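Engineer: Quick one, coords20.txt (compact mmCIF, N, CA and C atoms):
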```txt
# COMPACT_ATOMS: atom_id res chain seq x y z
N MET A 1 -136.65 -39.35 101.73
CA MET A 1 -135.55 -39.88 100.92
C MET A 1 -134.79 -38.69 100.33
N SER A 2 -133.50 -38.70 100.46
CA SER A 2 -132.69 -37.59 99.98
C SER A 2 -132.61 -37.59 98.45
N GLU A 3 -132.39 -36.42 97.89
CA GLU A 3 -132.24 -36.31 96.43
C GLU A 3 -131.03 -37.11 95.95
N GLY A 4 -129.97 -37.12 96.73
CA GLY A 4 -128.79 -37.89 96.35
C GLY A 4 -129.11 -39.37 96.23
N ARG A 5 -129.88 -39.88 97.15
CA ARG A 5 -130.29 -41.30 97.11
C ARG A 5 -131.16 -41.56 95.89
N LYS A 6 -132.09 -40.65 95.59
CA LYS A 6 -132.96 -40.82 94.43
C LYS A 6 -132.17 -40.83 93.13
N VAL A 7 -131.19 -39.94 93.01
CA VAL A 7 -130.37 -39.89 91.80
C VAL A 7 -129.54 -41.16 91.67
N LEU A 8 -128.96 -41.62 92.77
CA LEU A 8 -128.17 -42.86 92.74
C LEU A 8 -129.04 -44.05 92.31
N LEU A 9 -130.23 -44.18 92.88
CA LEU A 9 -131.11 -45.28 92.51
C LEU A 9 -131.52 -45.20 91.04
N ALA A 10 -131.77 -44.00 90.54
CA ALA A 10 -132.10 -43.84 89.12
C ALA A 10 -130.92 -44.28 88.25
N ASP A 11 -129.71 -43.96 88.68
CA ASP A 11 -128.52 -44.34 87.93
C ASP A 11 -128.32 -45.85 87.95
N LEU A 12 -128.45 -46.46 89.12
CA LEU A 12 -128.16 -47.89 89.26
C LEU A 12 -129.22 -48.79 88.63
N THR A 13 -130.48 -48.36 88.68
CA THR A 13 -131.56 -49.20 88.17
C THR A 13 -132.03 -48.79 86.78
N GLY A 14 -131.74 -47.55 86.37
CA GLY A 14 -132.23 -47.04 85.10
C GLY A 14 -133.65 -46.51 85.19
N GLN A 15 -134.32 -46.70 86.31
CA GLN A 15 -135.69 -46.23 86.48
C GLN A 15 -135.71 -44.86 87.11
N GLY A 16 -136.45 -43.93 86.51
CA GLY A 16 -136.58 -42.59 87.06
C GLY A 16 -135.55 -41.60 86.55
N ARG A 17 -134.76 -41.99 85.57
CA ARG A 17 -133.75 -41.07 85.04
C ARG A 17 -134.37 -39.82 84.42
N SER A 18 -135.57 -39.95 83.89
CA SER A 18 -136.21 -38.80 83.24
C SER A 18 -136.51 -37.67 84.23
N ALA A 19 -136.54 -37.97 85.52
CA ALA A 19 -136.76 -36.95 86.54
C ALA A 19 -135.52 -36.09 86.75
N TYR A 20 -134.37 -36.52 86.21
CA TYR A 20 -133.10 -35.81 86.41
C TYR A 20 -132.38 -35.58 85.08
N PRO A 21 -132.96 -34.79 84.19
CA PRO A 21 -132.33 -34.58 82.88
C PRO A 21 -130.98 -33.87 82.96
N THR A 22 -130.72 -33.14 84.04
CA THR A 22 -129.42 -32.48 84.18
C THR A 22 -128.31 -33.46 84.52
N ALA A 23 -128.67 -34.64 85.03
CA ALA A 23 -127.66 -35.62 85.44
C ALA A 23 -127.43 -36.71 84.41
N PHE A 24 -128.45 -37.00 83.61
CA PHE A 24 -128.35 -38.11 82.68
C PHE A 24 -128.63 -37.65 81.25
N GLU A 25 -127.66 -37.82 80.38
CA GLU A 25 -127.86 -37.44 78.98
C GLU A 25 -128.91 -38.32 78.33
N ASP A 26 -129.04 -39.55 78.78
CA ASP A 26 -130.00 -40.48 78.19
C ASP A 26 -131.31 -40.51 78.97
N ALA A 27 -131.70 -39.36 79.52
CA ALA A 27 -132.88 -39.30 80.38
C ALA A 27 -134.19 -39.51 79.62
N GLN A 28 -134.17 -39.34 78.31
CA GLN A 28 -135.39 -39.53 77.54
C GLN A 28 -135.76 -41.00 77.52
N PRO A 29 -137.04 -41.31 77.75
CA PRO A 29 -137.45 -42.71 77.73
C PRO A 29 -137.29 -43.31 76.33
N THR A 30 -136.90 -44.56 76.30
CA THR A 30 -136.73 -45.25 75.03
C THR A 30 -137.65 -46.47 75.00
N ALA A 31 -137.84 -47.00 73.81
CA ALA A 31 -138.72 -48.16 73.66
C ALA A 31 -138.06 -49.43 74.18
N ALA A 32 -136.75 -49.50 74.14
CA ALA A 32 -136.04 -50.70 74.57
C ALA A 32 -135.87 -50.71 76.09
N ALA A 33 -136.18 -51.83 76.70
CA ALA A 33 -135.98 -51.98 78.14
C ALA A 33 -134.55 -52.42 78.40
N VAL A 34 -133.95 -51.85 79.43
CA VAL A 34 -132.57 -52.18 79.78
C VAL A 34 -132.58 -52.83 81.15
N ALA A 35 -131.88 -53.94 81.28
CA ALA A 35 -131.78 -54.61 82.57
C ALA A 35 -131.01 -53.73 83.54
N PRO A 36 -131.47 -53.65 84.79
CA PRO A 36 -130.75 -52.83 85.77
C PRO A 36 -129.33 -53.35 85.97
N ALA A 37 -128.42 -52.42 86.21
CA ALA A 37 -127.02 -52.80 86.44
C ALA A 37 -126.84 -53.43 87.82
N PHE A 38 -127.70 -53.05 88.77
CA PHE A 38 -127.56 -53.54 90.14
C PHE A 38 -128.93 -53.90 90.71
N THR A 39 -128.95 -54.85 91.63
CA THR A 39 -130.15 -55.22 92.36
C THR A 39 -129.80 -55.30 93.84
N ARG A 40 -130.80 -55.48 94.68
CA ARG A 40 -130.61 -55.59 96.13
C ARG A 40 -129.79 -54.42 96.66
N ILE A 41 -130.14 -53.22 96.23
CA ILE A 41 -129.39 -52.00 96.59
C ILE A 41 -129.72 -51.59 98.02
N ARG A 42 -128.67 -51.25 98.75
CA ARG A 42 -128.81 -50.78 100.13
C ARG A 42 -127.87 -49.61 100.34
N ILE A 43 -128.44 -48.46 100.72
CA ILE A 43 -127.62 -47.29 101.03
C ILE A 43 -127.08 -47.47 102.45
N GLN A 44 -125.77 -47.40 102.61
CA GLN A 44 -125.15 -47.62 103.91
C GLN A 44 -124.86 -46.32 104.65
N ALA A 45 -124.54 -45.25 103.91
CA ALA A 45 -124.25 -43.97 104.55
C ALA A 45 -124.35 -42.85 103.51
N VAL A 46 -124.74 -41.66 103.99
CA VAL A 46 -124.85 -40.49 103.11
C VAL A 46 -124.37 -39.28 103.90
N ILE A 47 -123.59 -38.44 103.25
CA ILE A 47 -123.19 -37.16 103.82
C ILE A 47 -123.12 -36.15 102.69
N ALA A 48 -123.52 -34.92 102.96
CA ALA A 48 -123.43 -33.84 101.97
C ALA A 48 -122.52 -32.75 102.52
N ARG A 49 -121.72 -32.23 101.62
CA ARG A 49 -120.80 -31.15 102.00
C ARG A 49 -120.80 -30.07 100.95
N GLN A 50 -120.34 -28.89 101.34
CA GLN A 50 -120.22 -27.80 100.40
C GLN A 50 -119.23 -28.20 99.31
N GLY A 51 -119.59 -27.89 98.06
CA GLY A 51 -118.74 -28.23 96.93
C GLY A 51 -117.58 -27.26 96.77
N PRO A 52 -116.71 -27.52 95.79
CA PRO A 52 -115.54 -26.68 95.57
C PRO A 52 -115.86 -25.31 94.99
N SER A 53 -117.02 -25.16 94.37
CA SER A 53 -117.42 -23.88 93.77
C SER A 53 -118.65 -23.34 94.49
N PRO A 54 -118.87 -22.02 94.43
CA PRO A 54 -120.08 -21.46 95.04
C PRO A 54 -121.33 -22.08 94.41
N GLY A 55 -122.32 -22.35 95.25
CA GLY A 55 -123.56 -22.93 94.75
C GLY A 55 -123.48 -24.41 94.47
N GLN A 56 -122.45 -25.07 94.96
CA GLN A 56 -122.30 -26.50 94.75
C GLN A 56 -122.34 -27.25 96.08
N ALA A 57 -122.87 -28.48 96.01
CA ALA A 57 -122.82 -29.40 97.13
C ALA A 57 -122.45 -30.77 96.57
N VAL A 58 -121.69 -31.53 97.34
CA VAL A 58 -121.31 -32.88 96.92
C VAL A 58 -121.93 -33.85 97.92
N VAL A 59 -122.73 -34.78 97.40
CA VAL A 59 -123.34 -35.82 98.21
C VAL A 59 -122.50 -37.08 98.04
N HIS A 60 -121.98 -37.57 99.15
CA HIS A 60 -121.11 -38.75 99.17
C HIS A 60 -121.95 -39.91 99.70
N LEU A 61 -122.12 -40.96 98.87
CA LEU A 61 -122.93 -42.11 99.24
C LEU A 61 -122.08 -43.37 99.31
N VAL A 62 -122.29 -44.16 100.34
CA VAL A 62 -121.67 -45.47 100.46
C VAL A 62 -122.83 -46.46 100.36
N TRP A 63 -122.69 -47.45 99.47
CA TRP A 63 -123.82 -48.34 99.20
C TRP A 63 -123.34 -49.75 98.90
N ALA A 64 -124.28 -50.67 98.94
CA ALA A 64 -124.02 -52.07 98.64
C ALA A 64 -125.06 -52.55 97.65
N ALA A 65 -124.68 -53.50 96.79
CA ALA A 65 -125.62 -54.04 95.81
C ALA A 65 -125.02 -55.28 95.16
N ALA A 66 -125.89 -56.00 94.49
CA ALA A 66 -125.45 -57.15 93.69
C ALA A 66 -125.36 -56.70 92.24
N ASP A 67 -124.24 -57.02 91.58
CA ASP A 67 -124.09 -56.66 90.18
C ASP A 67 -124.80 -57.68 89.29
N ARG A 68 -124.71 -57.52 87.98
CA ARG A 68 -125.41 -58.42 87.05
C ARG A 68 -124.94 -59.87 87.18
N GLY A 69 -123.73 -60.07 87.65
CA GLY A 69 -123.21 -61.42 87.85
C GLY A 69 -123.66 -62.04 89.16
N GLY A 70 -124.34 -61.24 90.01
CA GLY A 70 -124.83 -61.75 91.28
C GLY A 70 -123.91 -61.53 92.45
N THR A 71 -122.75 -60.91 92.22
CA THR A 71 -121.80 -60.65 93.29
C THR A 71 -122.27 -59.47 94.12
N TYR A 72 -122.49 -59.68 95.41
CA TYR A 72 -122.94 -58.63 96.32
C TYR A 72 -121.71 -58.02 96.98
N THR A 73 -121.58 -56.70 96.86
CA THR A 73 -120.41 -56.01 97.40
C THR A 73 -120.85 -54.85 98.27
N ASP A 74 -120.26 -54.75 99.47
CA ASP A 74 -120.46 -53.62 100.38
C ASP A 74 -119.43 -52.55 100.08
N GLY A 75 -119.69 -51.35 100.58
CA GLY A 75 -118.69 -50.29 100.55
C GLY A 75 -118.45 -49.65 99.20
N ARG A 76 -119.40 -49.74 98.29
CA ARG A 76 -119.26 -49.03 97.01
C ARG A 76 -119.44 -47.54 97.30
N ILE A 77 -118.74 -46.70 96.55
CA ILE A 77 -118.77 -45.25 96.83
C ILE A 77 -119.15 -44.49 95.56
N THR A 78 -120.05 -43.51 95.74
CA THR A 78 -120.44 -42.62 94.65
C THR A 78 -120.54 -41.20 95.19
N ASP A 79 -120.02 -40.25 94.44
CA ASP A 79 -120.18 -38.83 94.75
C ASP A 79 -121.05 -38.21 93.68
N ILE A 80 -122.06 -37.46 94.09
CA ILE A 80 -122.95 -36.77 93.16
C ILE A 80 -122.88 -35.28 93.48
N THR A 81 -122.57 -34.47 92.47
CA THR A 81 -122.48 -33.03 92.65
C THR A 81 -123.81 -32.40 92.28
N PHE A 82 -124.28 -31.51 93.14
CA PHE A 82 -125.50 -30.74 92.91
C PHE A 82 -125.13 -29.27 92.78
N HIS A 83 -125.93 -28.53 92.02
CA HIS A 83 -125.68 -27.10 91.81
C HIS A 83 -127.00 -26.35 91.90
N HIS A 84 -126.93 -25.13 92.40
CA HIS A 84 -128.09 -24.23 92.32
C HIS A 84 -127.59 -22.81 92.08
N ALA A 85 -128.42 -22.04 91.40
CA ALA A 85 -128.07 -20.66 91.08
C ALA A 85 -128.37 -19.75 92.27
N GLN A 86 -127.72 -18.61 92.29
CA GLN A 86 -127.92 -17.62 93.35
C GLN A 86 -129.41 -17.29 93.46
N GLY A 87 -129.98 -17.40 94.65
CA GLY A 87 -131.38 -17.08 94.88
C GLY A 87 -132.34 -18.21 94.51
N ASP A 88 -131.84 -19.27 93.91
CA ASP A 88 -132.69 -20.40 93.54
C ASP A 88 -132.66 -21.41 94.68
N THR A 89 -133.77 -22.09 94.91
CA THR A 89 -133.81 -23.09 95.98
C THR A 89 -133.69 -24.51 95.46
N ALA A 90 -133.81 -24.72 94.15
CA ALA A 90 -133.73 -26.06 93.59
C ALA A 90 -132.28 -26.48 93.40
N TRP A 91 -131.95 -27.66 93.89
CA TRP A 91 -130.62 -28.25 93.70
C TRP A 91 -130.71 -29.23 92.55
N LEU A 92 -129.91 -29.04 91.51
CA LEU A 92 -129.94 -29.89 90.33
C LEU A 92 -128.70 -30.77 90.28
N PRO A 93 -128.90 -32.10 90.14
CA PRO A 93 -127.74 -32.99 90.04
C PRO A 93 -127.02 -32.76 88.71
N GLN A 94 -125.70 -32.82 88.77
CA GLN A 94 -124.88 -32.60 87.59
C GLN A 94 -124.40 -33.94 87.04
N PRO A 95 -124.09 -33.96 85.74
CA PRO A 95 -123.57 -35.21 85.17
C PRO A 95 -122.24 -35.59 85.83
N PRO A 96 -121.89 -36.86 85.83
CA PRO A 96 -120.61 -37.26 86.41
C PRO A 96 -119.45 -36.59 85.68
N ALA A 97 -118.43 -36.25 86.43
CA ALA A 97 -117.24 -35.65 85.84
C ALA A 97 -116.51 -36.70 85.01
N THR A 98 -116.06 -36.32 83.84
CA THR A 98 -115.28 -37.24 83.00
C THR A 98 -113.82 -36.90 83.15
N THR A 99 -113.01 -37.94 83.16
CA THR A 99 -111.57 -37.72 83.32
C THR A 99 -110.82 -38.14 82.09
```
Can you give me the file's structure in the form of structure tokens?
Structural biologist:
Amino acid sequence: MSEGRKVLLADLTGQGRSAYPTAFEDAQPTAAAVAPAFTRIRIQAVIARQGPSPGQAVVHLVWAAADRGGTYTDGRITDITFHHAQGDTAWLPQPPATT
């Protein structure tokens, strides 16, 4: 399973976010349980490309899922940026860009 897929599933379900503290500000476990935003998740396609800056990669995922209202939609798109330092082998997911 690719790291991009793991990060996406952690984001969509809320489970496993603590494994990616660089990607999620709320990665610390809390006492309150939160209902997952999506269910019946299916990854349809994944591609990774070199990012715009040195040491960056962008993982582009196309996925399908049912939202909280039960509407199942294909062709949802998410890009996750990963970064690693010179000489480091670990790729760390970055938080989503804010606009």
Engineer: Using atom C of Ala45 of chain A and atom C of Leu61 of chain A as the two end points, give the distance in Å to one decimal.
Structural biologist: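 According to the coordinates, atom C of Ala45 of chain A and atom C of Leu61 of chain A are separated by 4.8 Å.
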Engineer: Which residues come within 10 Å of Gln86 of chain A, counting only C-alpha atoms, excluding same-chain residues fewer than 3 positions away, as a list in words?
Structural biologist: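 Here the qualifying residues turn out to be Pro54, Gly55, His83 and Thr89 of chain A.
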Engineer: Output N, CA and C atoms for every residue in the selection just made, as a short mmCIF file (atom, residue, chain, number, x, y, z; two decimals), in the frame of the given file.
Structural biologist:
```cif
data_model
loop_
_atom_site.label_atom_id
_atom_site.label_comp_id
_atom_site.auth_asym_id
_atom_site.auth_seq_id
_atom_site.Cartn_x
_atom_site.Cartn_y
_atom_site.Cartn_z
N PRO A 54 -118.87 -22.02 94.43
CA PRO A 54 -120.08 -21.46 95.04
C PRO A 54 -121.33 -22.08 94.41
N GLY A 55 -122.32 -22.35 95.25
CA GLY A 55 -123.56 -22.93 94.75
C GLY A 55 -123.48 -24.41 94.47
N HIS A 83 -125.93 -28.53 92.02
CA HIS A 83 -125.68 -27.10 91.81
C HIS A 83 -127.00 -26.35 91.90
N THR A 89 -133.77 -22.09 94.91
CA THR A 89 -133.81 -23.09 95.98
C THR A 89 -133.69 -24.51 95.46
#
```
Engineer: Could you state the separation of atom C of Val58 of chain A and atom CA of Ile80 of chain A in Å, given to one decimal place?
Structural biologist: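 Result for atom C of Val58 of chain A versus atom CA of Ile80 of chain A: 5.7 Å, one decimal.
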Engineer: Please indicate the distance in Å from atom CA of Gly69 of chain A to atom CA of Gln94 of chain A, rounded to one decimal place.
Structural biologist: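 According to the coordinates, atom CA of Gly69 of chain A and atom CA of Gln94 of chain A are separated by 28.9 Å.
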Engineer: Would you mind writing down, as an MDAnalysis selection string, each residue of segment 2-82 of chain A that DSSP on the backbone assigns to strand (DSSP E)?
Structural biologist: chainID A and resid 38:50 56:67 72:82
Engineer: Residues of segment 7-91 of chain A classed as alpha helix (DSSP H) by DSSP on the backbone are to be reported as a ChimeraX atom specification.
Structural biologist: /A:7-13
Engineer: Could you pull the residues within 10 Å of segment 20-25 of chain A, counting only C-alpha atoms, minus those fewer than 5 positions along the same chain, as a PyMOL selection string?
Structural biologist: chain A and resi 6-7+10-11+80-82+92-96
Engineer: Output N, CA and C atoms for every residue in that selection, as a PDB file, in the frame of the given file.
Structural biologist:
```pdb
ATOM      1  N   LYS A   6    -132.090 -40.650  95.590  1.00  0.00           N
ATOM      2  CA  LYS A   6    -132.960 -40.820  94.430  1.00  0.00           C
ATOM      3  C   LYS A   6    -132.170 -40.830  93.130  1.00  0.00           C
ATOM      4  N   VAL A   7    -131.190 -39.940  93.010  1.00  0.00           N
ATOM      5  CA  VAL A   7    -130.370 -39.890  91.800  1.00  0.00           C
ATOM      6  C   VAL A   7    -129.540 -41.160  91.670  1.00  0.00           C
ATOM      7  N   ALA A  10    -131.770 -44.000  90.540  1.00  0.00           N
ATOM      8  CA  ALA A  10    -132.100 -43.840  89.120  1.00  0.00           C
ATOM      9  C   ALA A  10    -130.920 -44.280  88.250  1.00  0.00           C
ATOM     10  N   ASP A  11    -129.710 -43.960  88.680  1.00  0.00           N
ATOM     11  CA  ASP A  11    -128.520 -44.340  87.930  1.00  0.00           C
ATOM     12  C   ASP A  11    -128.320 -45.850  87.950  1.00  0.00           C
ATOM     13  N   ILE A  80    -122.060 -37.460  94.090  1.00  0.00           N
ATOM     14  CA  ILE A  80    -122.950 -36.770  93.160  1.00  0.00           C
ATOM     15  C   ILE A  80    -122.880 -35.280  93.480  1.00  0.00           C
ATOM     16  N   THR A  81    -122.570 -34.470  92.470  1.00  0.00           N
ATOM     17  CA  THR A  81    -122.480 -33.030  92.650  1.00  0.00           C
ATOM     18  C   THR A  81    -123.810 -32.400  92.280  1.00  0.00           C
ATOM     19  N   PHE A  82    -124.280 -31.510  93.140  1.00  0.00           N
ATOM     20  CA  PHE A  82    -125.500 -30.740  92.910  1.00  0.00           C
ATOM     21  C   PHE A  82    -125.130 -29.270  92.780  1.00  0.00           C
ATOM     22  N   LEU A  92    -129.910 -29.040  91.510  1.00  0.00           N
ATOM     23  CA  LEU A  92    -129.940 -29.890  90.330  1.00  0.00           C
ATOM     24  C   LEU A  92    -128.700 -30.770  90.280  1.00  0.00           C
ATOM     25  N   PRO A  93    -128.900 -32.100  90.140  1.00  0.00           N
ATOM     26  CA  PRO A  93    -127.740 -32.990  90.040  1.00  0.00           C
ATOM     27  C   PRO A  93    -127.020 -32.760  88.710  1.00  0.00           C
ATOM     28  N   GLN A  94    -125.700 -32.820  88.770  1.00  0.00           N
ATOM     29  CA  GLN A  94    -124.880 -32.600  87.590  1.00  0.00           C
ATOM     30  C   GLN A  94    -124.400 -33.940  87.040  1.00  0.00           C
ATOM     31  N   PRO A  95    -124.090 -33.960  85.740  1.00  0.00           N
ATOM     32  CA  PRO A  95    -123.570 -35.210  85.170  1.00  0.00           C
ATOM     33  C   PRO A  95    -122.240 -35.590  85.830  1.00  0.00           C
ATOM     34  N   PRO A  96    -121.890 -36.860  85.830  1.00  0.00           N
ATOM     35  CA  PRO A  96    -120.610 -37.260  86.410  1.00  0.00           C
ATOM     36  C   PRO A  96    -119.450 -36.590  85.680  1.00  0.00           C
TER      37      PRO A  96
END
```
Engineer: Can you work out which one of A:Val62, A:Ile77, A:Ala85, A:Leu12 has the shortest atom-to-atom distance to Ile43 of chain A, counting only C-alpha atoms?
Structural biologist: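 Of the candidates, the smallest distance to Ile43 of chain A is held by A:Val62.
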Engineer: So which residues touch Asp74 of chain A within 5 Å, counting only N, CA and C atoms, skipping near sequence neighbours fewer than 2 positions away, as number ranges by chain?
Structural biologist: A: 63-64, 72, 76
